[in-house]
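Shown below: protein.pdb, with PDB, C-alpha atoms.
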```pdb
MODEL        1
ATOM      1  CA  MET A  19       0.000   0.000   0.000
ATOM      2  CA  SER A  20       1.237   3.455  -0.877
ATOM      3  CA  ASN A  21       1.987   5.937   1.885
ATOM      4  CA  PHE A  22      -0.010   8.533  -0.047
ATOM      5  CA  ILE A  23      -3.672   9.204  -0.715
ATOM      6  CA  THR A  24      -5.179  11.691  -3.174
ATOM      7  CA  PRO A  25      -8.006  14.097  -2.311
ATOM      8  CA  ASN A  26     -10.488  12.113  -4.396
ATOM      9  CA  GLU A  27      -9.415   8.900  -2.671
ATOM     10  CA  LEU A  28      -9.845  10.499   0.744
ATOM     11  CA  LEU A  29     -13.310  11.928   0.153
ATOM     12  CA  PRO A  30     -15.311   8.670   0.333
ATOM     13  CA  ILE A  31     -13.504   7.384   3.442
ATOM     14  CA  MET A  32     -13.357  10.523   5.571
ATOM     15  CA  ASP A  33     -15.604   8.945   8.195
ATOM     16  CA  GLU A  34     -13.350   5.876   8.388
ATOM     17  CA  VAL A  35     -10.039   7.611   9.105
ATOM     18  CA  ILE A  36      -8.645  10.114  11.596
ATOM     19  CA  ILE A  37      -7.339  13.194   9.785
ATOM     20  CA  LEU A  38      -4.506  15.191  11.323
ATOM     21  CA  ASP A  39      -3.436  18.666  10.197
ATOM     22  CA  ALA A  40       0.339  19.067  10.675
ATOM     23  CA  ARG A  41       0.478  22.790   9.852
ATOM     24  CA  GLY A  42      -0.027  24.068  13.398
ATOM     25  CA  PHE A  43      -2.771  25.895  15.239
ATOM     26  CA  GLN A  44      -2.700  29.248  13.421
ATOM     27  CA  ASP A  45      -3.040  27.743   9.951
ATOM     28  CA  TYR A  46      -5.665  25.335  11.253
ATOM     29  CA  GLU A  47      -7.779  28.235  12.519
ATOM     30  CA  ARG A  48      -7.597  29.981   9.140
ATOM     31  CA  GLY A  49      -9.182  26.986   7.456
ATOM     32  CA  HIS A  50      -8.792  23.223   7.512
ATOM     33  CA  ILE A  51     -10.237  20.030   6.093
ATOM     34  CA  THR A  52     -13.530  19.152   7.743
ATOM     35  CA  GLY A  53     -13.077  16.574  10.489
ATOM     36  CA  SER A  54      -9.345  17.149  10.940
ATOM     37  CA  PHE A  55      -7.504  17.812  14.204
ATOM     38  CA  PRO A  56      -4.457  20.103  14.588
ATOM     39  CA  VAL A  57      -1.013  18.796  15.518
ATOM     40  CA  ASP A  58       1.679  21.374  16.212
ATOM     41  CA  ILE A  59       5.386  20.772  15.500
ATOM     42  CA  THR A  60       6.488  22.789  18.537
ATOM     43  CA  ARG A  61       3.917  21.786  21.131
ATOM     44  CA  ASP A  62       3.222  18.189  20.097
ATOM     45  CA  LEU A  63       6.137  16.850  18.051
ATOM     46  CA  THR A  64       9.127  18.452  19.787
ATOM     47  CA  GLY A  65      10.507  17.897  23.268
ATOM     48  CA  PRO A  66      12.515  20.297  25.445
ATOM     49  CA  ILE A  67      15.678  21.569  23.754
ATOM     50  CA  GLY A  68      18.876  20.822  25.637
ATOM     51  CA  GLU A  69      22.625  20.918  25.152
ATOM     52  CA  HIS A  70      22.371  18.001  22.738
ATOM     53  CA  GLY A  71      19.495  16.599  20.717
ATOM     54  CA  GLY A  72      19.059  19.292  18.082
ATOM     55  CA  ARG A  73      16.328  21.796  17.365
ATOM     56  CA  HIS A  74      13.479  19.291  17.204
ATOM     57  CA  PRO A  75      14.125  16.435  19.649
ATOM     58  CA  LEU A  76      11.413  13.849  20.091
ATOM     59  CA  PRO A  77       8.617  14.754  22.523
ATOM     60  CA  ASP A  78       7.532  12.829  25.582
ATOM     61  CA  MET A  79       5.808   9.923  23.859
ATOM     62  CA  ASP A  80       3.368   9.285  26.704
ATOM     63  CA  GLN A  81       2.216  12.884  26.487
ATOM     64  CA  LEU A  82       1.904  12.719  22.703
ATOM     65  CA  ALA A  83      -0.065   9.480  22.962
ATOM     66  CA  ARG A  84      -2.480  11.121  25.411
ATOM     67  CA  THR A  85      -3.003  13.992  22.966
ATOM     68  CA  LEU A  86      -3.625  11.575  20.095
ATOM     69  CA  GLU A  87      -6.094   9.647  22.248
ATOM     70  CA  THR A  88      -8.272  12.764  22.460
ATOM     71  CA  PHE A  89      -8.564  12.576  18.656
ATOM     72  CA  GLY A  90      -9.588   8.917  18.803
ATOM     73  CA  VAL A  91      -6.211   7.457  17.863
ATOM     74  CA  ASN A  92      -5.332   4.004  19.126
ATOM     75  CA  GLU A  93      -2.866   1.388  17.910
ATOM     76  CA  HIS A  94      -5.346   0.165  15.275
ATOM     77  CA  ALA A  95      -6.292   3.585  13.897
ATOM     78  CA  LYS A  96      -6.253   4.494  10.235
ATOM     79  CA  VAL A  97      -4.775   7.968   9.947
ATOM     80  CA  VAL A  98      -4.349  10.510   7.146
ATOM     81  CA  VAL A  99      -2.034  13.475   7.684
ATOM     82  CA  TYR A 100      -1.597  16.617   5.637
ATOM     83  CA  ASP A 101       0.248  19.917   5.561
ATOM     84  CA  SER A 102       0.489  22.845   3.141
ATOM     85  CA  TRP A 103       2.892  20.802   0.959
ATOM     86  CA  LEU A 104       5.560  20.034   1.689
ATOM     87  CA  PHE A 105       7.281  20.446   5.039
ATOM     88  CA  LEU A 106       5.772  18.951   8.209
ATOM     89  CA  ALA A 107       3.649  16.042   6.999
ATOM     90  CA  GLY A 108       6.632  13.707   6.810
ATOM     91  CA  ARG A 109       7.616  14.276  10.447
ATOM     92  CA  LEU A 110       4.074  13.541  11.625
ATOM     93  CA  TRP A 111       3.859  10.451   9.377
ATOM     94  CA  TRP A 112       7.199   9.216  10.724
ATOM     95  CA  THR A 113       6.277   9.890  14.356
ATOM     96  CA  LEU A 114       3.037   7.940  14.071
ATOM     97  CA  ARG A 115       4.899   5.038  12.483
ATOM     98  CA  TYR A 116       7.488   5.272  15.264
ATOM     99  CA  LEU A 117       4.619   4.873  17.737
ATOM    100  CA  GLY A 118       3.697   1.637  15.988
ATOM    101  CA  LEU A 119       0.818   2.678  13.730
ATOM    102  CA  THR A 120       0.862   0.799  10.435
ATOM    103  CA  ASP A 121      -1.901   2.523   8.456
ATOM    104  CA  VAL A 122      -0.732   6.121   8.078
ATOM    105  CA  ARG A 123      -1.026   7.955   4.785
ATOM    106  CA  VAL A 124      -0.111  11.440   3.618
ATOM    107  CA  LEU A 125      -2.465  13.566   1.528
ATOM    108  CA  SER A 126      -0.778  14.030  -1.855
ATOM    109  CA  GLY A 127      -0.316  17.718  -2.614
ATOM    110  CA  GLY A 128      -1.514  18.635   0.858
ATOM    111  CA  ILE A 129      -4.206  21.183   1.532
ATOM    112  CA  GLU A 130      -3.082  23.165  -1.525
ATOM    113  CA  ARG A 131      -4.122  20.348  -3.868
ATOM    114  CA  TRP A 132      -7.296  19.802  -1.822
ATOM    115  CA  VAL A 133      -8.372  23.389  -2.467
ATOM    116  CA  LYS A 134      -7.136  23.395  -6.080
ATOM    117  CA  GLU A 135      -9.394  20.443  -6.854
ATOM    118  CA  GLY A 136     -12.407  22.310  -5.521
ATOM    119  CA  HIS A 137     -12.834  20.791  -2.069
ATOM    120  CA  LEU A 138     -14.006  23.011   0.753
ATOM    121  CA  LEU A 139     -12.365  24.041   4.002
ATOM    122  CA  THR A 140     -13.949  24.984   7.309
ATOM    123  CA  LYS A 141     -12.960  27.216  10.223
ATOM    124  CA  ASP A 142     -15.067  25.249  12.677
ATOM    125  CA  PRO A 143     -12.969  23.192  15.116
ATOM    126  CA  THR A 144     -13.603  19.464  14.928
ATOM    127  CA  PRO A 145     -15.424  18.239  18.069
ATOM    128  CA  LEU A 146     -13.400  15.747  20.066
ATOM    129  CA  PRO A 147     -14.802  12.214  20.183
ATOM    130  CA  VAL A 148     -17.028  11.509  23.172
ATOM    131  CA  GLU A 149     -15.830   7.931  23.636
ATOM    132  CA  THR A 150     -12.588   7.411  25.540
ATOM    133  CA  THR A 151      -9.702   5.910  23.576
ATOM    134  CA  THR A 152      -6.584   4.181  24.877
ATOM    135  CA  PHE A 153      -3.479   4.217  22.689
ATOM    136  CA  ASN A 154      -1.236   1.296  23.626
ATOM    137  CA  TYR A 155       1.692   2.347  21.508
ATOM    138  CA  THR A 156       4.877   0.372  20.903
ATOM    139  CA  LEU A 157       7.971   2.382  20.014
ATOM    140  CA  GLN A 158       9.764   1.122  16.913
ATOM    141  CA  THR A 159      13.254   1.773  18.260
ATOM    142  CA  HIS A 160      14.924   0.450  15.101
ATOM    143  CA  MET A 161      13.637   3.574  13.351
ATOM    144  CA  THR A 162      16.130   5.887  15.090
ATOM    145  CA  MET A 163      19.891   6.141  15.415
ATOM    146  CA  SER A 164      21.780   8.204  17.966
ATOM    147  CA  ARG A 165      24.660  10.566  17.310
ATOM    148  CA  ASP A 166      27.175   7.978  18.551
ATOM    149  CA  GLU A 167      25.682   5.320  16.291
ATOM    150  CA  VAL A 168      25.808   7.629  13.272
ATOM    151  CA  LEU A 169      29.397   8.600  14.096
ATOM    152  CA  ALA A 170      30.350   4.916  14.257
ATOM    153  CA  ALA A 171      28.551   4.264  10.961
ATOM    154  CA  SER A 172      30.394   7.186   9.361
ATOM    155  CA  GLN A 173      33.737   5.867  10.513
ATOM    156  CA  SER A 174      33.101   2.226   9.595
ATOM    157  CA  GLY A 175      31.054   2.634   6.435
ATOM    158  CA  SER A 176      28.479   0.214   7.835
ATOM    159  CA  HIS A 177      25.504   2.286   6.670
ATOM    160  CA  VAL A 178      24.415   4.356   3.724
ATOM    161  CA  ILE A 179      24.089   7.832   5.231
ATOM    162  CA  VAL A 180      21.615  10.115   3.441
ATOM    163  CA  ASP A 181      21.715  13.890   3.872
ATOM    164  CA  ALA A 182      18.304  15.306   2.915
ATOM    165  CA  ARG A 183      19.294  18.981   2.996
ATOM    166  CA  ALA A 184      19.600  21.258  -0.026
ATOM    167  CA  PRO A 185      22.701  20.513  -2.151
ATOM    168  CA  GLU A 186      24.453  23.761  -1.242
ATOM    169  CA  ARG A 187      24.132  22.993   2.468
ATOM    170  CA  TYR A 188      25.282  19.433   1.920
ATOM    171  CA  ASP A 189      28.387  20.204  -0.137
ATOM    172  CA  GLY A 190      29.378  23.269   1.875
ATOM    173  CA  SER A 191      29.250  25.676  -1.059
ATOM    174  CA  VAL A 192      27.315  28.104   1.157
ATOM    175  CA  ILE A 193      27.889  28.796   4.839
ATOM    176  CA  ASP A 194      25.279  27.124   7.010
ATOM    177  CA  VAL A 195      24.056  29.963   9.209
ATOM    178  CA  MET A 196      21.203  27.864  10.614
ATOM    179  CA  ASP A 197      23.078  25.016  12.303
ATOM    180  CA  GLY A 198      26.739  25.807  11.674
ATOM    181  CA  MET A 199      27.284  22.622   9.671
ATOM    182  CA  THR A 200      28.875  23.813   6.441
ATOM    183  CA  GLY A 201      29.257  20.475   4.735
ATOM    184  CA  HIS A 202      28.036  17.041   5.733
ATOM    185  CA  ILE A 203      28.695  13.999   7.905
ATOM    186  CA  PRO A 204      31.660  12.201   6.304
ATOM    187  CA  GLY A 205      30.501   9.481   3.956
ATOM    188  CA  ALA A 206      26.999  10.919   3.496
ATOM    189  CA  ILE A 207      25.393  11.190   0.071
ATOM    190  CA  ASN A 208      22.794  13.791  -0.845
ATOM    191  CA  HIS A 209      19.115  13.324  -1.699
ATOM    192  CA  PHE A 210      17.433  16.703  -1.263
ATOM    193  CA  TYR A 211      14.009  15.956   0.160
ATOM    194  CA  GLU A 212      12.196  18.136  -2.384
ATOM    195  CA  SER A 213      13.588  16.078  -5.266
ATOM    196  CA  GLY A 214      11.160  13.262  -4.495
ATOM    197  CA  TYR A 215       8.054  15.366  -5.037
ATOM    198  CA  THR A 216       6.010  17.430  -7.449
ATOM    199  CA  ALA A 217       3.280  19.921  -6.539
ATOM    200  CA  GLU A 218       0.746  17.101  -6.875
ATOM    201  CA  GLY A 219       2.432  14.501  -4.706
ATOM    202  CA  PRO A 220       5.337  12.061  -4.837
ATOM    203  CA  ARG A 221       7.118  11.545  -8.128
ATOM    204  CA  PRO A 222       6.181   8.405 -10.089
ATOM    205  CA  ILE A 223       7.601   5.141  -8.756
ATOM    206  CA  LYS A 224       9.840   4.703 -11.810
ATOM    207  CA  ASP A 225      11.390   8.135 -11.187
ATOM    208  CA  LEU A 226      11.940   7.312  -7.523
ATOM    209  CA  GLU A 227      13.550   4.002  -8.445
ATOM    210  CA  ILE A 228      15.992   5.921 -10.621
ATOM    211  CA  GLU A 229      16.597   8.478  -7.856
ATOM    212  CA  PHE A 230      17.444   5.730  -5.366
ATOM    213  CA  GLU A 231      18.859   3.178  -7.797
ATOM    214  CA  LYS A 232      22.189   2.830  -6.018
ATOM    215  CA  GLU A 233      20.592   2.510  -2.593
ATOM    216  CA  LEU A 234      18.301  -0.230  -3.913
ATOM    217  CA  HIS A 235      21.363  -2.283  -4.860
ATOM    218  CA  GLN A 236      23.295  -1.704  -1.642
ATOM    219  CA  GLN A 237      23.413  -4.403   1.009
ATOM    220  CA  LYS A 238      23.684  -1.844   3.800
ATOM    221  CA  PRO A 239      21.131  -0.341   6.173
ATOM    222  CA  ILE A 240      20.309   3.339   5.696
ATOM    223  CA  VAL A 241      20.203   6.254   8.104
ATOM    224  CA  SER A 242      19.031   9.720   7.087
ATOM    225  CA  TYR A 243      19.329  13.204   8.532
ATOM    226  CA  CYS A 244      18.676  16.862   7.683
ATOM    227  CA  GLY A 245      18.936  20.029   9.753
ATOM    228  CA  SER A 246      16.790  19.017  12.721
ATOM    229  CA  GLY A 247      15.092  15.740  11.900
ATOM    230  CA  VAL A 248      12.016  17.225  10.199
ATOM    231  CA  THR A 249      12.455  17.390   6.427
ATOM    232  CA  ALA A 250      14.508  14.178   6.311
ATOM    233  CA  CYS A 251      11.245  12.410   7.143
ATOM    234  CA  ASN A 252       9.963  13.466   3.714
ATOM    235  CA  THR A 253      12.898  11.643   2.159
ATOM    236  CA  LEU A 254      12.171   8.580   4.295
ATOM    237  CA  LEU A 255       8.592   8.804   3.056
ATOM    238  CA  VAL A 256       9.445   8.535  -0.640
ATOM    239  CA  MET A 257      12.178   5.982  -0.005
ATOM    240  CA  SER A 258       9.521   3.826   1.610
ATOM    241  CA  GLU A 259       7.526   4.022  -1.625
ATOM    242  CA  VAL A 260      10.262   2.023  -3.379
ATOM    243  CA  GLY A 261      10.789  -0.407  -0.521
ATOM    244  CA  LEU A 262      13.714   1.286   1.211
ATOM    245  CA  ALA A 263      13.646   1.544   4.992
ATOM    246  CA  SER A 264      15.798   4.130   6.718
ATOM    247  CA  ALA A 265      16.449   4.997  10.328
ATOM    248  CA  LEU A 266      16.288   8.677  11.296
ATOM    249  CA  TYR A 267      19.039  10.569  13.065
ATOM    250  CA  VAL A 268      16.557  12.753  14.901
ATOM    251  CA  GLY A 269      19.004  15.389  16.116
ATOM    252  CA  SER A 270      20.559  15.665  12.652
ATOM    253  CA  SER A 271      23.082  18.419  11.918
ATOM    254  CA  SER A 272      21.730  20.675  14.691
ATOM    255  CA  ASP A 273      22.762  17.947  17.153
ATOM    256  CA  TRP A 274      25.974  16.921  15.348
ATOM    257  CA  VAL A 275      27.555  20.334  15.805
ATOM    258  CA  THR A 276      26.963  20.398  19.569
ATOM    259  CA  TYR A 277      29.745  17.886  20.190
ATOM    260  CA  ASP A 278      33.448  18.732  20.385
ATOM    261  CA  ASP A 279      35.559  18.071  17.279
ATOM    262  CA  PHE A 280      32.598  16.959  15.173
ATOM    263  CA  PRO A 281      33.864  15.766  11.751
ATOM    264  CA  ILE A 282      32.523  17.489   8.628
ATOM    265  CA  GLN A 283      33.207  16.777   4.966
ATOM    266  CA  THR A 284      32.689  19.188   2.076
ATOM    267  CA  GLY A 285      32.174  18.438  -1.603
ATOM    268  CA  VAL A 286      30.045  15.682  -3.125
ATOM    269  CA  GLU A 287      30.287  11.996  -2.259
ATOM    270  CA  THR A 288      28.763   9.077  -4.132
ATOM    271  CA  LEU A 289      28.062   5.416  -3.438
TER     272      LEU A 289
ENDMDL
END
```
What's the structure tokens form of this structure?
Amino acid sequence: MSNFITPNELLPIMDEVIILDARGFQDYERGHITGSFPVDITRDLTGPIGEHGGRHPLPDMDQLARTLETFGVNEHAKVVVYDSWLFLAGRLWWTLRYLGLTDVRVLSGGIERWVKEGHLLTKDPTPLPVETTTFNYTLQTHMTMSRDEVLAASQSGSHVIVDARAPERYDGSVIDVMDGMTGHIPGAINHFYESGYTAEGPRPIKDLEIEFEKELHQQKPIVSYCGSGVTACNTLLVMSEVGLASALYVGSSSDWVTYDDFPIQTGVETL
């Protein structure tokens, strides 16, 4: 099953799925898909920022599960997530999968395509379900890798390391003023997250197979990162479409640079 669903595919099953809006509260209040609930990157999907861990560390999963329960989410839920296309939907998709949900899809083209195809929005908040839900989640710990694990993988070559940032941030041709990582983790290759998508949704499977041709023929596990563990999830999302599983280095470059003598490579590397 694809990780994506089109607006016309969503319409007839809206009463059968839980729809989550990843754009945040302000955008939700301006207009959202009927029946959807807001999930905020800062309040819901990010934990306290510390010395290490990056700009968007994982939240307290018990607290997140309690929030999702108020929307009716349990471990058997069918969920559709969307954003304004494309930024935050991947992180929400990944987080729900990390919690153990198996039926999570992303609205192709996001709310922009929804409106473009003539579907209506509402400003009315979705009423919370009356029935109490319990979400017995199971963390999929294989879906993450720590800084030390990524460092070891970089040194040993045990993993394919994917940098999902823009090419100029990856190769160091421009100074990274956001995280201070001008260049990339040694050994990493570059797949800019936007390259897997069009305005309508993911690129065709054949195009994605070409994009990730070398990874498909590698006998190594994959770990991916970006600036703070958000947009890399969009790369994980399209890699999953062609059967590639990747762990996420959640802290990403914003965590990498918080350690002494962190190694950085410039230029372009290939498999």
- request: Compile the contact shell of stretch 279-289 of chain A as a list in words: residues with an atom at most 7 Å away, counting all atoms listed in the file, same-chain residues fewer than 5 positions apart removed.
  value: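 The filter keeps Asp189, Gly190, Gly201, His202, Ile203, Pro204, Gly205, Ala206, Ile207, Lys232 and Trp274 of chain A.
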Given the selection you just returned, output its residues as a file containing C-alpha atoms, formatted as an mmCIF file, in the coordinates of the input.
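again-v1.cif, freshly written:
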```cif
data_model
loop_
_atom_site.group_PDB
_atom_site.id
_atom_site.type_symbol
_atom_site.label_atom_id
_atom_site.label_comp_id
_atom_site.auth_asym_id
_atom_site.auth_seq_id
_atom_site.Cartn_x
_atom_site.Cartn_y
_atom_site.Cartn_z
ATOM 1 C CA ASP A 189 28.387 20.204 -0.137
ATOM 2 C CA GLY A 190 29.378 23.269 1.875
ATOM 3 C CA GLY A 201 29.257 20.475 4.735
ATOM 4 C CA HIS A 202 28.036 17.041 5.733
ATOM 5 C CA ILE A 203 28.695 13.999 7.905
ATOM 6 C CA PRO A 204 31.660 12.201 6.304
ATOM 7 C CA GLY A 205 30.501 9.481 3.956
ATOM 8 C CA ALA A 206 26.999 10.919 3.496
ATOM 9 C CA ILE A 207 25.393 11.190 0.071
ATOM 10 C CA LYS A 232 22.189 2.830 -6.018
ATOM 11 C CA TRP A 274 25.974 16.921 15.348
#
```
Surrounding residues of A:Ser246 excluding itself and chain neighbours under 5 positions, 9 Å, only C-alpha atoms, as a ChimeraX atom specification: /A:71-75,197,267-273
Selection above as a file: C-alpha atoms, as a tab-separated table (two decimals), keeping the file's coordinate frame:
```
chain	number	residue	atom	x	y	z
A	71	GLY	CA	19.50	16.60	20.72
A	72	GLY	CA	19.06	19.29	18.08
A	73	ARG	CA	16.33	21.80	17.36
A	74	HIS	CA	13.48	19.29	17.20
A	75	PRO	CA	14.12	16.43	19.65
A	197	ASP	CA	23.08	25.02	12.30
A	267	TYR	CA	19.04	10.57	13.06
A	268	VAL	CA	16.56	12.75	14.90
A	269	GLY	CA	19.00	15.39	16.12
A	270	SER	CA	20.56	15.66	12.65
A	271	SER	CA	23.08	18.42	11.92
A	272	SER	CA	21.73	20.68	14.69
A	273	ASP	CA	22.76	17.95	17.15
```
Residue nearest A:Val195 among A:Gly245, A:Ser264, A:Gly49, A:Tyr277 (counting all atoms listed in the file): A:Gly245
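Residue nearest A:Val91, chosen from A:Leu119, A:Val148, A:Met196, A:Leu262 and counting all atoms listed in the file: A:Leu119.
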On this file, the PyMOL selection byres ((chain A and resi 84-89) around 8) gives some set of residues; write that set as a JSON list (two decimals) with C-alpha atoms, in the coordinates of the input.
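Writing the result to out01.json gives the following:
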```json
[["chain", "number", "residue", "atom", "x", "y", "z"],
["A", 36, "ILE", "CA", -8.64, 10.11, 11.60],
["A", 55, "PHE", "CA", -7.50, 17.81, 14.20],
["A", 80, "ASP", "CA", 3.37, 9.28, 26.70],
["A", 81, "GLN", "CA", 2.22, 12.88, 26.49],
["A", 82, "LEU", "CA", 1.90, 12.72, 22.70],
["A", 83, "ALA", "CA", -0.06, 9.48, 22.96],
["A", 90, "GLY", "CA", -9.59, 8.92, 18.80],
["A", 91, "VAL", "CA", -6.21, 7.46, 17.86],
["A", 92, "ASN", "CA", -5.33, 4.00, 19.13],
["A", 146, "LEU", "CA", -13.40, 15.75, 20.07],
["A", 147, "PRO", "CA", -14.80, 12.21, 20.18],
["A", 150, "THR", "CA", -12.59, 7.41, 25.54],
["A", 151, "THR", "CA", -9.70, 5.91, 23.58],
["A", 152, "THR", "CA", -6.58, 4.18, 24.88],
["A", 153, "PHE", "CA", -3.48, 4.22, 22.69]]
```
